[in-house]
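Let me begin by presenting the structure, written as structure tokens, before commenting on it.
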Amino acid sequence: MCFVTKDVFFMRRAIGLARRGVGRVHPNPLVGAVVVKGGRIIGEGAHEKFGGPHAEVCAIGSAKANPAGSTLYVTLEPCDHFGKTPPCTDFILQKGVRKVVVAAKDPNPLVSGKGLRRLRKKGVRVVTGVLEKEALELNKDFRHWIRKRMPYVTVKVAQSLDGKIATRTGLSRWITGREARLWGHQLRAFSDAVLVGVNTLLKDDPRLDVRLPKGREGRQSAPARVVLDSSLRTPPQARLFSKGTRGPVILAVTKKAAKKRIGLFKGKAEILWVKEKGGRVDLRSLFEMLGKRGIVRVLIEGGGETIASAFAERLVQEAYFLIAPKILGGRKAAPSVGGKGAGTLKEALSLDKVEARFLGKDLLVHGSIA
């Protein structure tokens with residue numbers, strides 16, 4: 001029989017609450033908190049929006065009883081510095097919280113441990129490491145960005161059983177079914193930016209925004225939409241700019257871009273000048289620029305050459321392959337991953353922590369890049 005301690009029980013609730021902020025708090029981490037007194041929850045909350053109150057303030061502020069003498073369960077170390085909001089440690093101390101149980105320390109080396117030391121110094125009992133692994137997994141993208149100041153990059157591919165993303169005539173709508181496409185929009189909503197190459201834009205004319213069905217609109221975000229367009233070939237009339245689409249548009253160009261076309265995108269898009277590599281936008285330089293802007297998570301949706309470049313540069317942390325039970329065939333049909341490809345099996349990229357499940361008739365295979 002497996003027994004769950006009260007600390008684990010309440011921390012699991014806090015981790016569940018933290019997920020409320022998915023896709024809406026970057027560049028801040030996901031944090032959830034629960035206030036317990038007399039063995040029962042008297043308040044709970046989460047950091048749900050960038051610039052909004054932190055989880056600790058929401059939880060203590062929602063308390064249905066006096067929080068003095070209570071225990072606070074929080075998934076990440078309380079902050080002890082001024083940012084968009086005052087230090088959470090000040091609020092915790094003001095409200096008389098007696099004990100703080102923390103899942104994980106703040107991964108930012110400039111602040112890690114300071115909040116815990118402040119609380120201990122003021123007489124608050126502090127316990128750390130409760131469900132630490134789960135809490136760290138919750139913020140793996142934030143930890144990556146903090147350490148490297150580069151976005152956490154995911155790749156999503158919708159392909160046929162034989163690895164094609166379009167027919168030999170270029171048709172790609174729709175290879176996967178409705179359930180898989182809806183899941184894809186949820187993945188977009190979790191991201192700060194959605195990125196494609198200009199060839200994908202020219203062939204498919206995607207909007208790249210988040211479109212969720214009625215009843216889920218409140219969870220929608222508006223990620224930036226980034227196009228790799230070294231020569232600035234994007235049509236000004238592309239659906240990317242159509243009325244009703246949400247999210248800023250960034251056209252990543254190089255010195256090859258025709259300067260006379262820049263004016264066509266005034267009020268439509270930001271032109272971002274990036275270094276060139278092999279005649280294309282240098283992905284690493286672009287991601288460094290995006291990271292400095294606070295873009296924590298980037299989703300690459302195509303095409304095959306863009307995905308191949310990201311893999312080759314070792315810039316990808318996770319991959320999602322949506323595989324439809326269809327066989328397109330054809331030597332000229334576009335493969336899901338282009339580029340030069342591996343010369344030997346030892347050169348092949350491997351997925352770690354692989355998971356698979358069905359979305360309707362389509363198979364989703366997900367893993368991290370080993």
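Chain labels follow the order of the structure tokens: the first chain is A, the next B, and so on; residue numbering restarts at 1 in every chain, and ligands are counted from 1 in their shown order.
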Between region 219-239 of chain A and region 294-317 of chain A, at 12 Å or less, what are the per-residue closest atom pairs and their distances in Å? Count only C-alpha atoms, order by chain and rising residue number, and return it as JSON lines.
{"residue": "A:Pro223", "atom": "CA", "partner": "A:Val298", "partner_atom": "CA", "distance": 9.1}
{"residue": "A:Ala224", "atom": "CA", "partner": "A:Ile295", "partner_atom": "CA", "distance": 9.0}
{"residue": "A:Arg225", "atom": "CA", "partner": "A:Leu299", "partner_atom": "CA", "distance": 9.7}
{"residue": "A:Val226", "atom": "CA", "partner": "A:Ile300", "partner_atom": "CA", "distance": 9.3}
{"residue": "A:Val227", "atom": "CA", "partner": "A:Gly302", "partner_atom": "CA", "distance": 10.1}
{"residue": "A:Leu228", "atom": "CA", "partner": "A:Thr306", "partner_atom": "CA", "distance": 8.4}
{"residue": "A:Asp229", "atom": "CA", "partner": "A:Thr306", "partner_atom": "CA", "distance": 11.0}
Applying 10 Å and only C-alpha atoms, which residues near region 178-193 of chain A remain after dropping the ones on its own chain fewer than 4 positions away? List them as a VMD selection string. chain A and resid 21 to 27 151 to 154 156 to 158 174 208 to 213 216 219 to 226 247 to 250 290 294 to 301 320 322 to 324 358 to 364
Could you please write out, as a tab-separated table (two decimals) with C-alpha atoms, in the first residue's frame, every residue of region 4-187 of chain A that DSSP assigns to helix (DSSP H, G or I)?
chain	number	residue	atom	x	y	z
A	6	LYS	CA	0.15	15.56	3.73
A	7	ASP	CA	3.01	17.58	2.24
A	8	VAL	CA	2.86	15.55	-0.98
A	9	PHE	CA	-0.94	15.79	-1.07
A	10	PHE	CA	-1.04	19.58	-0.80
A	11	MET	CA	1.94	20.07	-3.12
A	12	ARG	CA	0.22	18.02	-5.82
A	13	ARG	CA	-2.67	20.44	-5.59
A	14	ALA	CA	-0.28	23.39	-5.91
A	15	ILE	CA	1.33	21.85	-9.02
A	16	GLY	CA	-2.11	21.38	-10.56
A	17	LEU	CA	-2.93	25.02	-9.90
A	18	ALA	CA	0.35	26.15	-11.48
A	19	ARG	CA	-0.79	24.80	-14.86
A	20	ARG	CA	-3.42	27.54	-15.01
A	21	GLY	CA	-0.72	29.88	-16.26
A	55	ALA	CA	0.78	32.59	-6.76
A	56	GLU	CA	1.65	33.21	-3.09
A	57	VAL	CA	-0.19	36.54	-3.06
A	58	CYS	CA	-3.23	35.04	-4.80
A	59	ALA	CA	-3.37	32.09	-2.41
A	60	ILE	CA	-2.93	34.05	0.81
A	61	GLY	CA	-5.21	36.82	-0.44
A	88	CYS	CA	6.48	37.71	-2.14
A	89	THR	CA	8.57	37.13	0.98
A	90	ASP	CA	7.39	40.50	2.36
A	91	PHE	CA	3.73	39.51	1.90
A	92	ILE	CA	4.27	36.08	3.48
A	93	LEU	CA	5.92	37.64	6.53
A	94	GLN	CA	3.29	40.37	6.86
A	114	LYS	CA	17.63	34.28	-1.33
A	115	GLY	CA	13.92	33.92	-0.67
A	116	LEU	CA	14.44	30.84	1.48
A	117	ARG	CA	17.22	32.48	3.49
A	118	ARG	CA	15.10	35.57	4.13
A	119	LEU	CA	12.19	33.51	5.43
A	120	ARG	CA	14.41	31.38	7.67
A	121	LYS	CA	16.14	34.47	9.02
A	132	GLU	CA	10.88	18.67	-6.65
A	133	LYS	CA	11.18	16.56	-9.81
A	134	GLU	CA	7.59	17.29	-10.84
A	135	ALA	CA	7.98	21.00	-10.14
A	136	LEU	CA	11.20	21.21	-12.17
A	137	GLU	CA	9.57	19.40	-15.09
A	138	LEU	CA	6.74	21.94	-14.99
A	140	LYS	CA	11.78	22.98	-17.90
A	141	ASP	CA	11.40	25.65	-20.59
A	142	PHE	CA	11.90	28.47	-18.07
A	143	ARG	CA	14.99	26.77	-16.61
A	144	HIS	CA	16.46	26.37	-20.09
A	145	TRP	CA	15.88	30.05	-20.89
A	146	ILE	CA	17.32	31.20	-17.55
A	147	ARG	CA	20.50	29.16	-18.04
A	148	LYS	CA	21.12	29.85	-21.74
A	178	ARG	CA	-9.61	17.26	-36.48
A	179	GLU	CA	-8.48	15.98	-33.06
A	180	ALA	CA	-4.82	16.29	-34.03
A	181	ARG	CA	-5.32	19.78	-35.47
A	182	LEU	CA	-7.09	20.93	-32.31
A	183	TRP	CA	-4.23	19.55	-30.23
A	184	GLY	CA	-1.85	21.50	-32.47
A	185	HIS	CA	-3.64	24.74	-31.62
A	186	GLN	CA	-3.30	23.94	-27.92
A	187	LEU	CA	0.44	23.46	-28.47
Give me every strand (DSSP E) residue in region 201-322 of chain A, going by DSSP on the backbone, as a list in words.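 Output for region 201-322 of chain A, strand (DSSP E) only: Ala224, Arg225, Val226, Val227, Leu228, Val249, Ile250, Leu251, Ala252, Val253, Glu270, Ile271, Leu272, Trp273, Glu276, Lys277, Arg280, Val281, Arg297, Val298, Leu299, Ile300, Glu301, Gly302, Glu318, Ala319, Tyr320, Phe321 and Leu322 of chain A.
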Have a look at CA of Gly52 (chain A) and CA of Lys243 (chain A) and let me know their distance in Å, one decimal. 28.6 Å
